[in-house]
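Source file: upload_21.csv (CSV, C-alpha atoms)
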```csv
chain,number,residue,atom,x,y,z
A,1,MET,CA,-7.0,-5.7,10.7
A,2,LEU,CA,-8.1,-6.9,7.3
A,3,ALA,CA,-11.5,-5.4,7.8
A,4,THR,CA,-9.7,-2.1,8.7
A,5,ILE,CA,-7.6,-2.3,5.5
A,6,ARG,CA,-10.8,-3.0,3.4
A,7,ARG,CA,-12.6,-0.1,5.2
A,8,LYS,CA,-9.7,2.2,4.5
A,9,LEU,CA,-9.6,1.3,0.9
A,10,MET,CA,-13.4,1.9,0.6
A,11,ILE,CA,-13.1,5.3,2.3
A,12,ILE,CA,-10.2,6.3,0.0
A,13,TYR,CA,-12.2,5.2,-3.1
A,14,ILE,CA,-15.4,6.9,-2.0
A,15,VAL,CA,-13.5,10.2,-1.2
A,16,LEU,CA,-11.8,10.1,-4.6
A,17,ILE,CA,-15.2,9.6,-6.3
A,18,MET,CA,-17.4,11.9,-4.1
A,19,VAL,CA,-15.1,14.9,-3.8
A,20,PRO,CA,-14.7,15.4,-7.6
A,21,LEU,CA,-18.5,14.8,-8.1
A,22,LEU,CA,-19.4,17.4,-5.5
A,23,LEU,CA,-16.9,19.8,-6.8
A,24,VAL,CA,-18.3,19.4,-10.4
A,25,ASN,CA,-21.9,19.8,-9.1
A,26,TYR,CA,-21.0,23.0,-7.3
A,27,LEU,CA,-18.9,24.6,-10.0
A,28,SER,CA,-21.4,23.6,-12.8
A,29,THR,CA,-24.4,25.0,-10.9
A,30,ALA,CA,-22.5,28.2,-10.0
A,31,ASN,CA,-21.3,28.6,-13.5
A,32,MET,CA,-24.8,28.2,-14.9
A,33,ARG,CA,-26.2,30.6,-12.3
A,34,THR,CA,-23.6,33.2,-13.2
A,35,THR,CA,-24.1,32.8,-16.9
A,36,ILE,CA,-27.9,33.0,-16.8
A,37,PHE,CA,-28.0,35.9,-14.4
A,38,ARG,CA,-25.3,37.8,-16.3
A,39,ASP,CA,-27.2,37.4,-19.6
A,40,ILE,CA,-30.5,38.5,-18.0
A,41,GLU,CA,-28.8,41.5,-16.2
A,42,MET,CA,-27.1,42.6,-19.4
A,43,ASN,CA,-30.3,42.3,-21.5
A,44,GLN,CA,-32.4,44.0,-18.9
A,45,LEU,CA,-29.8,46.9,-18.6
A,46,LYS,CA,-29.9,47.3,-22.4
A,47,THR,CA,-33.7,47.4,-22.4
A,48,ALA,CA,-33.7,50.0,-19.5
A,49,ASN,CA,-31.3,52.2,-21.5
A,50,ILE,CA,-33.5,52.0,-24.6
A,51,LEU,CA,-36.6,52.8,-22.5
A,52,SER,CA,-34.6,55.7,-20.9
A,53,ASN,CA,-34.1,57.2,-24.4
A,54,ILE,CA,-37.7,56.7,-25.2
A,55,ALA,CA,-38.8,58.3,-21.9
A,56,ARG,CA,-36.5,61.3,-22.4
A,57,THR,CA,-38.1,62.0,-25.8
A,58,ASN,CA,-41.7,61.7,-24.5
A,59,ILE,CA,-41.4,62.7,-20.8
A,60,ASN,CA,-43.6,65.7,-21.4
A,61,ASP,CA,-46.3,63.7,-23.2
A,62,LEU,CA,-47.5,61.0,-20.8
A,63,ILE,CA,-49.9,59.4,-23.2
A,64,GLU,CA,-47.3,59.0,-25.9
A,65,LEU,CA,-44.8,57.8,-23.2
A,66,LYS,CA,-47.2,55.1,-22.0
A,67,MET,CA,-48.0,54.0,-25.6
A,68,ALA,CA,-44.3,53.8,-26.5
A,69,ILE,CA,-43.4,51.8,-23.4
A,70,LYS,CA,-46.3,49.3,-24.0
A,71,GLN,CA,-45.2,48.8,-27.6
A,72,TYR,CA,-41.7,47.8,-26.5
A,73,PRO,CA,-41.4,44.1,-25.6
A,74,ILE,CA,-40.3,43.5,-22.0
A,75,PRO,CA,-38.7,40.1,-21.2
A,76,MET,CA,-40.2,37.8,-18.7
A,77,ASP,CA,-43.4,39.9,-18.3
A,78,GLY,CA,-41.4,42.6,-16.6
A,79,ARG,CA,-42.9,45.8,-15.2
A,80,VAL,CA,-41.7,49.2,-16.3
A,81,ILE,CA,-41.9,52.2,-14.1
A,82,VAL,CA,-40.9,55.8,-15.0
A,83,THR,CA,-40.3,58.4,-12.3
A,84,ASP,CA,-39.4,62.1,-12.4
A,85,ASN,CA,-36.5,63.5,-10.6
A,86,ASN,CA,-38.5,63.6,-7.3
A,87,MET,CA,-39.1,59.8,-7.4
A,88,LEU,CA,-42.8,60.4,-8.4
A,89,VAL,CA,-44.2,57.7,-10.7
A,90,ILE,CA,-45.4,59.2,-13.9
A,91,SER,CA,-45.9,55.9,-15.8
A,92,ASP,CA,-46.5,52.3,-14.7
A,93,SER,CA,-47.0,49.5,-17.2
A,94,PHE,CA,-49.3,47.9,-14.7
A,95,ASN,CA,-51.1,51.3,-13.8
A,96,TYR,CA,-50.7,50.7,-10.1
A,97,PHE,CA,-48.1,53.0,-8.7
A,98,GLU,CA,-48.8,56.1,-10.9
A,99,GLY,CA,-48.9,59.2,-8.8
A,100,SER,CA,-47.1,57.7,-5.8
A,101,GLN,CA,-43.4,57.8,-4.9
A,102,ILE,CA,-41.0,54.9,-5.0
A,103,ASN,CA,-37.9,55.3,-2.9
A,104,ASN,CA,-35.6,52.3,-3.3
A,105,ALA,CA,-31.8,51.9,-3.7
A,106,GLU,CA,-32.0,51.4,-7.5
A,107,ILE,CA,-34.0,54.6,-8.2
A,108,ARG,CA,-31.9,56.7,-5.8
A,109,GLY,CA,-28.8,55.5,-7.6
A,110,ALA,CA,-30.3,56.3,-11.0
A,111,LEU,CA,-31.2,59.9,-9.8
A,112,ILE,CA,-27.5,60.5,-9.1
A,113,LYS,CA,-26.6,59.2,-12.7
A,114,GLU,CA,-25.8,55.6,-11.7
A,115,GLU,CA,-27.0,52.4,-13.3
A,116,ARG,CA,-28.0,50.0,-10.5
A,117,GLN,CA,-29.4,46.5,-10.2
A,118,GLY,CA,-30.6,44.6,-7.2
A,119,TYR,CA,-32.2,41.3,-6.3
A,120,TYR,CA,-35.2,40.9,-3.9
A,121,PHE,CA,-36.2,37.5,-2.6
A,122,GLN,CA,-39.7,37.7,-1.0
A,123,GLU,CA,-42.7,35.8,-2.3
A,124,LYS,CA,-41.0,36.0,-5.7
A,125,ASN,CA,-37.5,36.4,-6.9
A,126,ILE,CA,-37.3,39.8,-8.4
A,127,LEU,CA,-34.6,41.7,-10.3
A,128,HIS,CA,-34.7,45.5,-10.3
A,129,THR,CA,-32.8,47.5,-12.9
A,130,ALA,CA,-32.8,51.3,-12.8
A,131,VAL,CA,-31.1,53.8,-15.2
A,132,PRO,CA,-31.3,57.6,-15.2
A,133,ILE,CA,-33.2,59.6,-17.8
A,134,ILE,CA,-30.6,62.2,-18.8
A,135,GLU,CA,-31.0,65.2,-21.0
A,136,ALA,CA,-27.9,67.0,-22.3
A,137,ARG,CA,-28.1,70.8,-22.4
A,138,GLY,CA,-24.9,72.0,-23.9
A,139,GLU,CA,-22.0,70.6,-21.9
A,140,ASP,CA,-24.3,69.9,-18.9
A,141,ARG,CA,-26.3,66.8,-18.3
A,142,PHE,CA,-29.5,66.9,-16.2
A,143,VAL,CA,-31.4,64.0,-14.7
A,144,LEU,CA,-35.0,64.2,-15.6
A,145,GLY,CA,-36.0,61.0,-13.9
A,146,ALA,CA,-35.4,57.3,-13.8
A,147,VAL,CA,-36.6,54.1,-15.6
A,148,LEU,CA,-37.1,51.1,-13.4
A,149,ILE,CA,-37.6,47.6,-14.8
A,150,SER,CA,-38.8,44.9,-12.4
A,151,THR,CA,-38.8,41.3,-13.6
A,152,SER,CA,-39.5,38.0,-12.0
A,153,MET,CA,-36.6,35.7,-11.7
A,154,ASP,CA,-38.6,32.6,-10.7
A,155,GLU,CA,-38.2,31.0,-14.1
A,156,PRO,CA,-34.4,31.3,-14.2
A,157,PHE,CA,-34.2,30.1,-10.6
A,158,THR,CA,-36.4,27.1,-11.6
A,159,GLN,CA,-34.2,26.4,-14.5
A,160,ILE,CA,-31.1,26.4,-12.3
A,161,GLU,CA,-32.8,24.3,-9.7
A,162,ASP,CA,-33.9,21.7,-12.3
A,163,PHE,CA,-30.4,21.7,-13.7
A,164,ARG,CA,-29.0,21.2,-10.3
A,165,ARG,CA,-31.4,18.3,-9.5
A,166,ARG,CA,-30.7,16.6,-12.8
A,167,LEU,CA,-26.9,16.9,-12.2
A,168,MET,CA,-27.3,15.6,-8.7
A,169,GLY,CA,-29.3,12.7,-10.0
A,170,LEU,CA,-26.5,11.9,-12.5
A,171,SER,CA,-23.9,12.4,-9.8
A,172,PHE,CA,-25.7,10.0,-7.4
A,173,GLY,CA,-25.9,7.4,-10.2
A,174,ALA,CA,-22.2,7.9,-10.9
A,175,ALA,CA,-21.5,7.7,-7.2
A,176,PHE,CA,-23.4,4.5,-6.8
A,177,ILE,CA,-21.5,2.9,-9.7
A,178,GLY,CA,-18.3,4.3,-8.2
A,179,PHE,CA,-19.3,2.8,-4.8
A,180,LEU,CA,-19.8,-0.6,-6.4
A,181,ALA,CA,-16.5,-0.2,-8.2
A,182,ALA,CA,-14.8,0.8,-4.9
A,183,LEU,CA,-16.3,-2.2,-3.2
A,184,TRP,CA,-15.1,-4.5,-5.9
A,185,ALA,CA,-11.6,-2.9,-6.0
A,186,SER,CA,-11.2,-2.9,-2.2
A,187,ARG,CA,-12.2,-6.6,-2.0
A,188,ARG,CA,-9.9,-7.5,-4.9
A,189,MET,CA,-7.0,-5.6,-3.2
A,190,ALA,CA,-7.7,-7.0,0.3
A,191,LYS,CA,-8.2,-10.6,-0.9
A,192,PRO,CA,-4.5,-11.4,-1.4
A,193,ILE,CA,-3.8,-10.0,2.1
A,194,GLU,CA,-6.5,-12.1,3.6
A,195,GLU,CA,-5.1,-15.2,1.8
A,196,LEU,CA,-1.6,-14.4,3.1
A,197,SER,CA,-3.0,-14.0,6.6
A,198,ARG,CA,-5.0,-17.3,6.4
A,199,VAL,CA,-2.0,-19.3,5.2
A,200,ALA,CA,0.3,-17.6,7.8
A,201,ILE,CA,-2.1,-18.8,10.5
A,202,LEU,CA,-1.9,-22.3,9.2
A,203,ILE,CA,1.9,-22.2,9.1
A,204,GLY,CA,1.8,-20.9,12.7
A,205,GLN,CA,-0.3,-23.9,13.6
A,206,GLY,CA,2.4,-26.2,12.3
A,207,ASN,CA,1.1,-26.8,8.7
A,208,LEU,CA,4.5,-26.0,7.1
A,209,GLY,CA,4.6,-26.0,3.3
A,210,GLU,CA,1.2,-24.3,2.8
A,211,GLU,CA,1.2,-22.0,-0.1
A,212,VAL,CA,-0.9,-19.1,-1.3
A,213,ASN,CA,-2.4,-19.1,-4.8
A,214,ILE,CA,-1.8,-15.5,-5.9
A,215,THR,CA,-0.7,-15.0,-9.5
A,216,SER,CA,-0.7,-11.2,-9.8
A,217,LYS,CA,2.4,-9.5,-11.2
A,218,ASP,CA,2.5,-6.6,-8.8
A,219,GLU,CA,4.2,-6.2,-5.4
A,220,ILE,CA,1.6,-8.4,-3.8
A,221,GLY,CA,2.4,-11.1,-6.3
A,222,LYS,CA,6.1,-10.8,-5.5
A,223,LEU,CA,5.4,-10.9,-1.8
A,224,SER,CA,3.3,-14.1,-2.3
A,225,GLU,CA,6.1,-15.7,-4.3
A,226,ASN,CA,8.6,-15.0,-1.5
A,227,PHE,CA,6.1,-16.2,1.1
A,228,ASN,CA,5.7,-19.5,-0.7
A,229,LYS,CA,9.5,-19.9,-0.9
A,230,MET,CA,9.7,-19.2,2.8
A,231,SER,CA,7.0,-21.8,3.5
A,232,LYS,CA,8.8,-24.5,1.4
A,233,GLU,CA,12.1,-23.7,3.1
A,234,LEU,CA,10.5,-23.9,6.5
A,235,GLN,CA,9.0,-27.3,5.6
A,236,ARG,CA,12.4,-28.5,4.3
A,237,ILE,CA,14.1,-27.4,7.5
A,238,ASP,CA,11.5,-29.0,9.7
A,239,ARG,CA,11.8,-32.3,7.8
A,240,GLY,CA,15.6,-32.1,8.2
A,241,ARG,CA,15.1,-31.3,11.9
A,242,MET,CA,12.8,-34.2,12.4
A,243,GLN,CA,15.1,-36.6,10.5
A,244,PHE,CA,18.1,-35.3,12.5
A,245,ILE,CA,16.2,-35.8,15.8
A,246,GLY,CA,15.3,-39.3,14.7
A,247,ASP,CA,18.9,-40.1,13.7
A,248,VAL,CA,20.3,-38.7,17.0
A,249,SER,CA,17.7,-40.6,19.0
A,250,HIS,CA,18.6,-43.8,17.2
A,251,GLU,CA,22.3,-43.2,17.7
A,252,LEU,CA,21.9,-42.3,21.4
A,253,ARG,CA,19.5,-45.2,22.0
A,254,THR,CA,22.1,-47.9,21.0
A,255,PRO,CA,24.9,-47.1,23.5
A,256,LEU,CA,22.3,-46.4,26.2
A,257,ALA,CA,20.7,-49.8,25.6
A,258,SER,CA,24.1,-51.5,25.5
A,259,MET,CA,25.1,-49.9,28.9
A,260,LYS,CA,21.8,-50.8,30.3
A,261,ALA,CA,22.3,-54.5,29.3
A,262,LEU,CA,25.8,-54.5,30.8
A,263,ILE,CA,24.7,-52.9,34.1
A,264,ASP,CA,21.8,-55.4,34.4
A,265,SER,CA,24.3,-58.3,33.8
A,266,LEU,CA,26.5,-56.9,36.6
A,267,LEU,CA,23.7,-56.4,39.0
A,268,TYR,CA,21.9,-59.7,38.6
A,269,GLY,CA,24.8,-61.9,37.5
A,270,GLU,CA,27.6,-63.6,39.5
A,271,ASN,CA,30.7,-62.6,37.8
A,272,ASP,CA,34.3,-62.5,38.8
A,273,ILE,CA,36.5,-59.4,38.7
A,274,ALA,CA,37.7,-60.0,35.2
A,275,VAL,CA,34.2,-59.9,33.8
A,276,TYR,CA,33.5,-56.8,35.8
A,277,LYS,CA,36.5,-55.1,34.3
A,278,GLU,CA,35.6,-56.2,30.8
A,279,TYR,CA,32.0,-54.9,31.2
A,280,LEU,CA,33.3,-51.6,32.6
A,281,ARG,CA,35.7,-51.3,29.6
A,282,ASP,CA,32.7,-51.8,27.3
A,283,MET,CA,30.7,-49.2,29.2
A,284,ASP,CA,33.6,-46.8,29.0
A,285,SER,CA,33.7,-47.3,25.3
A,286,GLU,CA,30.0,-46.6,25.0
A,287,ILE,CA,30.4,-43.5,27.2
A,288,ASP,CA,33.1,-42.3,24.8
A,289,ARG,CA,30.7,-42.9,21.9
A,290,LEU,CA,28.0,-40.9,23.6
A,291,ALA,CA,30.5,-38.1,24.3
A,292,SER,CA,31.5,-38.2,20.6
A,293,LEU,CA,27.8,-37.9,19.6
A,294,VAL,CA,27.3,-35.0,22.0
A,295,LYS,CA,30.4,-33.2,20.6
A,296,SER,CA,29.1,-33.7,17.1
A,297,LEU,CA,25.8,-32.1,18.1
A,298,LEU,CA,27.5,-29.2,19.7
A,299,ASN,CA,29.7,-28.7,16.6
A,300,LEU,CA,26.6,-28.8,14.4
A,301,THR,CA,24.8,-26.3,16.6
A,302,LYS,CA,27.9,-24.0,16.5
A,303,ILE,CA,28.0,-24.1,12.7
A,304,GLU,CA,24.3,-23.3,12.5
A,305,GLU,CA,24.6,-20.3,14.9
A,306,VAL,CA,28.0,-18.9,13.9
A,307,GLY,CA,28.0,-20.0,10.3
A,308,ILE,CA,31.0,-21.1,8.1
A,309,ASN,CA,33.9,-18.7,7.8
A,310,LYS,CA,35.5,-19.5,4.4
A,311,GLU,CA,39.0,-18.6,3.4
A,312,PHE,CA,41.6,-20.0,1.1
A,313,VAL,CA,43.9,-22.4,3.0
A,314,PRO,CA,46.7,-24.6,1.7
A,315,ILE,CA,45.9,-28.3,1.9
A,316,GLN,CA,49.4,-29.0,3.2
A,317,LYS,CA,48.6,-26.7,6.2
A,318,LEU,CA,45.3,-28.5,6.8
A,319,ILE,CA,46.8,-31.9,6.9
A,320,ASN,CA,49.9,-30.9,9.0
A,321,ASN,CA,47.6,-29.3,11.6
A,322,SER,CA,45.4,-32.4,11.7
A,323,ASN,CA,48.5,-34.6,12.1
A,324,LYS,CA,49.8,-32.6,15.0
A,325,VAL,CA,46.6,-33.3,16.9
A,326,ILE,CA,46.3,-37.0,16.0
A,327,TYR,CA,50.0,-37.8,16.2
A,328,PRO,CA,50.1,-38.8,20.0
A,329,LEU,CA,47.3,-41.3,19.5
A,330,ALA,CA,48.9,-42.7,16.4
A,331,GLU,CA,52.2,-43.1,18.3
A,332,LYS,CA,50.5,-44.7,21.2
A,333,LEU,CA,48.9,-47.3,18.9
A,334,GLN,CA,52.1,-47.7,17.0
A,335,VAL,CA,50.7,-46.4,13.7
A,336,LYS,CA,53.0,-44.5,11.4
A,337,ILE,CA,51.4,-41.6,9.4
A,338,ASP,CA,53.2,-40.8,6.2
A,339,ILE,CA,52.4,-37.5,4.6
A,340,SER,CA,53.7,-36.7,1.1
A,341,ILE,CA,52.0,-33.8,-0.7
A,342,ASN,CA,53.9,-31.9,-3.3
A,343,ASP,CA,51.0,-30.0,-4.8
A,344,LYS,CA,50.7,-26.4,-3.7
A,345,ILE,CA,46.9,-26.3,-3.7
A,346,SER,CA,44.6,-24.1,-1.6
A,347,VAL,CA,40.9,-24.6,-1.1
A,348,SER,CA,38.1,-22.3,0.1
A,349,CYS,CA,36.9,-23.7,3.4
A,350,ASP,CA,36.4,-23.2,7.1
A,351,GLU,CA,39.8,-24.2,8.4
A,352,GLN,CA,38.8,-25.4,11.9
A,353,ASN,CA,35.9,-27.4,10.7
A,354,ILE,CA,37.9,-29.1,8.0
A,355,ILE,CA,40.7,-29.9,10.4
A,356,GLU,CA,38.1,-31.6,12.7
A,357,VAL,CA,36.9,-33.6,9.7
A,358,LEU,CA,40.4,-34.7,8.9
A,359,ILE,CA,41.1,-35.6,12.5
A,360,ASN,CA,38.0,-37.8,12.6
A,361,LEU,CA,39.0,-39.5,9.4
A,362,ILE,CA,42.5,-40.2,10.5
A,363,ASP,CA,41.2,-41.3,13.9
A,364,ASN,CA,38.8,-43.7,12.4
A,365,ALA,CA,41.5,-44.9,10.0
A,366,ILE,CA,43.8,-45.7,12.9
A,367,LYS,CA,41.1,-47.6,14.7
A,368,TYR,CA,39.4,-49.4,11.9
A,369,MET,CA,41.4,-49.4,8.7
A,370,ASP,CA,44.7,-48.8,7.1
A,371,VAL,CA,45.5,-45.0,7.3
A,372,LYS,CA,47.6,-45.3,4.1
A,373,LYS,CA,44.4,-45.9,2.1
A,374,VAL,CA,42.9,-42.7,3.4
A,375,PHE,CA,45.9,-40.6,2.4
A,376,HIS,CA,46.1,-42.5,-0.9
A,377,MET,CA,42.6,-41.5,-1.7
A,378,LEU,CA,43.2,-37.9,-0.6
A,379,ARG,CA,46.3,-37.7,-2.9
A,380,PHE,CA,44.4,-39.2,-5.8
A,381,MET,CA,41.6,-36.5,-5.5
A,382,ILE,CA,44.2,-33.7,-5.2
A,383,LYS,CA,46.0,-34.9,-8.3
A,384,LYS,CA,42.6,-34.8,-10.1
A,385,LYS,CA,42.2,-31.2,-9.0
A,386,LYS,CA,39.0,-31.9,-7.2
A,387,LYS,CA,37.8,-29.9,-4.2
A,388,ILE,CA,38.8,-31.4,-0.9
A,389,THR,CA,35.5,-30.2,0.6
A,390,LEU,CA,33.5,-32.4,-1.8
A,391,LEU,CA,35.6,-35.4,-0.9
A,392,LEU,CA,35.1,-34.9,2.8
A,393,LEU,CA,31.4,-34.4,2.4
A,394,LYS,CA,31.2,-37.7,0.5
A,395,ILE,CA,33.2,-39.5,3.1
A,396,MET,CA,31.1,-38.1,5.9
A,397,GLY,CA,27.8,-38.7,4.1
```

Structure rendered as structure tokens:
Amino acid sequence: MLATIRRKLMIIYIVLIMVPLLLVNYLSTANMRTTIFRDIEMNQLKTANILSNIARTNINDLIELKMAIKQYPIPMDGRVIVTDNNMLVISDSFNYFEGSQINNAEIRGALIKEERQGYYFQEKNILHTAVPIIEARGEDRFVLGAVLISTSMDEPFTQIEDFRRRLMGLSFGAAFIGFLAALWASRRMAKPIEELSRVAILIGQGNLGEEVNITSKDEIGKLSENFNKMSKELQRIDRGRMQFIGDVSHELRTPLASMKALIDSLLYGENDIAVYKEYLRDMDSEIDRLASLVKSLLNLTKIEEVGINKEFVPIQKLINNSNKVIYPLAEKLQVKIDISINDKISVSCDEQNIIEVLINLIDNAIKYMDVKKVFHMLRFMIKKKKKITLLLLKIMG
């Protein structure tokens, strides 16, 4: 999974780097091609129109026409051909096509009074530009012939190709640097996730309390902080659970050992019926103790599962309800419970759980101490405006 995250980050970074670079390469090359070709086409068209004017003036004097055309500078060693209105070549700057016909799209367009340009890609890259030779006679315009300029475009294409290669070289260099940056960034972003995964595996193996060492201030850092808090809390809970199990084991072991000793005495001793009854009463007491421990465990489990439902309850109500439950036992043991609370104080607590605590306190007071001391202590704390829950937790602790 982590490798997949790192791979995804790498792909995202590479796409973000490569797409703009390719787009810049394409647009820059296309823009350069368009600019160069447009300038060449415009310059060649201007030259053709100038030569058209020269040819119109000297079309009846071929020697003067050739001399005039040769004196005019032609860019990129271009070739100038002049034809009459029947596409017959009357002048060729290279003296090759004179006396022959040239029938191509550019000349045909010029003879119908259109300026035309066309590219030919054979052994060389060639640009043809043809313009008509027009003579005005009154309001009419007559086509006397056409001027065709043919120039090689190899040099502009070479310039464009060199520019494209240099730009590609720079782009590949930038892409390589971007790739290294993407690799570093993806590793940096994936490292906290890898660390969280590693520590999570350790916690799953039972090494509670393990923490991740991530100090970033972003969302990953916040996640790591919460992760460490969770790990510490799990460790604390586990320690409490282990201590609880140890305490419960100790508490259960004592009555079980006592009953074991009593049973062994009954099995292997020669005792009269009175001793048997005494031992059975002791075992009955130990069984009650075990039942009490089990009940405490069930109550604790219930609290952990259901939680504590707090509400404000008058202390008078708590004590009266507790007294109703414990009164039969107190009457049986001939213990008088005197309740005297004038303060109208309410506390925020779980009513049922606090009543059980009070019942246990009073029950223990009846069995092992003077119950008046318990209520005297309760009344003293109430008068001091202390929370009854704090008192009960201290007594139980």

| Selected residue of minimal separation from Phe163 of chain A among A:Ile50, A:Ile339, A:Ile36, A:Leu148, counting only C-alpha atoms |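 Under the stated criterion, the closest residue is A:Ile36.
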
| task | Tell me, as a ChimeraX atom specification, which residues lie within 9 Å of segment 102-118 of chain A, counting all atoms listed in the file; anything in the same chain fewer than 3 positions away does not count. | result | /A:41,45,83-89,97,126-134,142-148

| field | Using all atoms listed in the file: which of A:Asn213, A:Phe121, A:Gly173, A:Glu225 has the shortest distance to Glu194 of chain A | value |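 Selected residue with least distance to Glu194 of chain A: A:Asn213.
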
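Neighbouring residues of Ile203 of chain A at 12 Å or closer, counting all atoms listed in the file and skipping chain neighbours under 4 positions away, are Leu196, Ser197, Arg198, Val199, Asn207, Leu208, Gly209, Glu210, Glu211, Val212, Phe227, Asn228, Met230, Ser231, Lys232, Glu233, Leu234, Gln235 and Asp238 of chain A.
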
| field | Minimum-distance residue to Pro156 of chain A, chosen among A:Thr35, A:Ala181, A:Arg253, A:Pro314 (using only C-alpha atoms) | value | A:Thr35

| So how many Å separate atom CA of Glu286 of chain A and atom CA of Met259 of chain A, to one decimal? | 7.1 Å

| Can you tell me how far atom CA of Ser91 of chain A sits from atom CA of Leu62 of chain A, in Å to one decimal? | 7.3 Å

| task | For segment 277-284 of chain A, list every protein, DNA or RNA residue within 8 Å, evaluated using all atoms listed in the file, and leave out those in the same chain fewer than 4 positions away; present the list as a ChimeraX atom specification. | result | /A:258-259,262,266,273,288

Dump as a JSON list (two decimals), in the frame of the given file, selection limited to C-alpha atoms:
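The resulting result_4.json:
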```
[["chain", "number", "residue", "atom", "x", "y", "z"],
["A", 258, "SER", "CA", 24.10, -51.50, 25.50],
["A", 259, "MET", "CA", 25.10, -49.90, 28.90],
["A", 262, "LEU", "CA", 25.80, -54.50, 30.80],
["A", 266, "LEU", "CA", 26.50, -56.90, 36.60],
["A", 273, "ILE", "CA", 36.50, -59.40, 38.70],
["A", 288, "ASP", "CA", 33.10, -42.30, 24.80]]
```

| field | Separation of atom CA of Ile287 of chain A from atom CA of Leu252 of chain A, in Å and rounded to one decimal | value |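 Spanning atom CA of Ile287 of chain A to atom CA of Leu252 of chain A is a straight-line distance of 10.4 Å.
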
| task | Extract, using all atoms listed in the file, all DNA, RNA and protein residues at most 12 Å from Lys191 of chain A, discarding same-chain residues fewer than 2 positions from it, and format them as JSON, numbers by chain. | result | {"A": [2, 3, 5, 6, 183, 184, 185, 186, 187, 188, 189, 193, 194, 195, 196, 197, 198, 212, 213, 214, 216, 220, 221]}

| field | Distance criterion (only C-alpha atoms): nearest to Ile362 of chain A out of A:Asn320, A:Ser348, A:Asn49, A:Gln122 | value | A:Asn320

Is it possible to add N, CA and C atoms to segment 272-285 of chain A and hand it back as a PDB file, keeping the file's coordinate frame?
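Generated output (result_13.pdb):
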```
ATOM      1  N   ASP A 272      33.094 -62.786  38.045  1.00  0.00           N
ATOM      2  CA  ASP A 272      34.300 -62.500  38.800  1.00  0.00           C
ATOM      3  C   ASP A 272      34.849 -61.130  38.368  1.00  0.00           C
ATOM      4  N   ILE A 273      35.952 -60.745  38.925  1.00  0.00           N
ATOM      5  CA  ILE A 273      36.500 -59.400  38.700  1.00  0.00           C
ATOM      6  C   ILE A 273      36.901 -59.147  37.283  1.00  0.00           C
ATOM      7  N   ALA A 274      37.320 -60.177  36.576  1.00  0.00           N
ATOM      8  CA  ALA A 274      37.700 -60.000  35.200  1.00  0.00           C
ATOM      9  C   ALA A 274      36.524 -59.627  34.306  1.00  0.00           C
ATOM     10  N   VAL A 275      35.397 -60.267  34.583  1.00  0.00           N
ATOM     11  CA  VAL A 275      34.200 -59.900  33.800  1.00  0.00           C
ATOM     12  C   VAL A 275      33.748 -58.501  34.120  1.00  0.00           C
ATOM     13  N   TYR A 276      33.838 -58.122  35.406  1.00  0.00           N
ATOM     14  CA  TYR A 276      33.500 -56.800  35.800  1.00  0.00           C
ATOM     15  C   TYR A 276      34.354 -55.759  35.007  1.00  0.00           C
ATOM     16  N   LYS A 277      35.623 -56.014  34.956  1.00  0.00           N
ATOM     17  CA  LYS A 277      36.500 -55.100  34.300  1.00  0.00           C
ATOM     18  C   LYS A 277      36.204 -55.041  32.767  1.00  0.00           C
ATOM     19  N   GLU A 278      35.900 -56.185  32.200  1.00  0.00           N
ATOM     20  CA  GLU A 278      35.600 -56.200  30.800  1.00  0.00           C
ATOM     21  C   GLU A 278      34.292 -55.399  30.506  1.00  0.00           C
ATOM     22  N   TYR A 279      33.282 -55.606  31.374  1.00  0.00           N
ATOM     23  CA  TYR A 279      32.000 -54.900  31.200  1.00  0.00           C
ATOM     24  C   TYR A 279      32.244 -53.357  31.409  1.00  0.00           C
ATOM     25  N   LEU A 280      33.074 -53.019  32.376  1.00  0.00           N
ATOM     26  CA  LEU A 280      33.300 -51.600  32.600  1.00  0.00           C
ATOM     27  C   LEU A 280      34.081 -50.981  31.438  1.00  0.00           C
ATOM     28  N   ARG A 281      35.008 -51.774  30.833  1.00  0.00           N
ATOM     29  CA  ARG A 281      35.700 -51.300  29.600  1.00  0.00           C
ATOM     30  C   ARG A 281      34.681 -51.029  28.504  1.00  0.00           C
ATOM     31  N   ASP A 282      33.735 -51.954  28.373  1.00  0.00           N
ATOM     32  CA  ASP A 282      32.700 -51.800  27.300  1.00  0.00           C
ATOM     33  C   ASP A 282      31.856 -50.542  27.600  1.00  0.00           C
ATOM     34  N   MET A 283      31.480 -50.343  28.873  1.00  0.00           N
ATOM     35  CA  MET A 283      30.700 -49.200  29.200  1.00  0.00           C
ATOM     36  C   MET A 283      31.485 -47.882  28.990  1.00  0.00           C
ATOM     37  N   ASP A 284      32.798 -47.965  29.289  1.00  0.00           N
ATOM     38  CA  ASP A 284      33.600 -46.800  29.000  1.00  0.00           C
ATOM     39  C   ASP A 284      33.689 -46.465  27.561  1.00  0.00           C
ATOM     40  N   SER A 285      33.731 -47.496  26.732  1.00  0.00           N
ATOM     41  CA  SER A 285      33.700 -47.300  25.300  1.00  0.00           C
ATOM     42  C   SER A 285      32.408 -46.668  24.833  1.00  0.00           C
TER      43      SER A 285
END
```
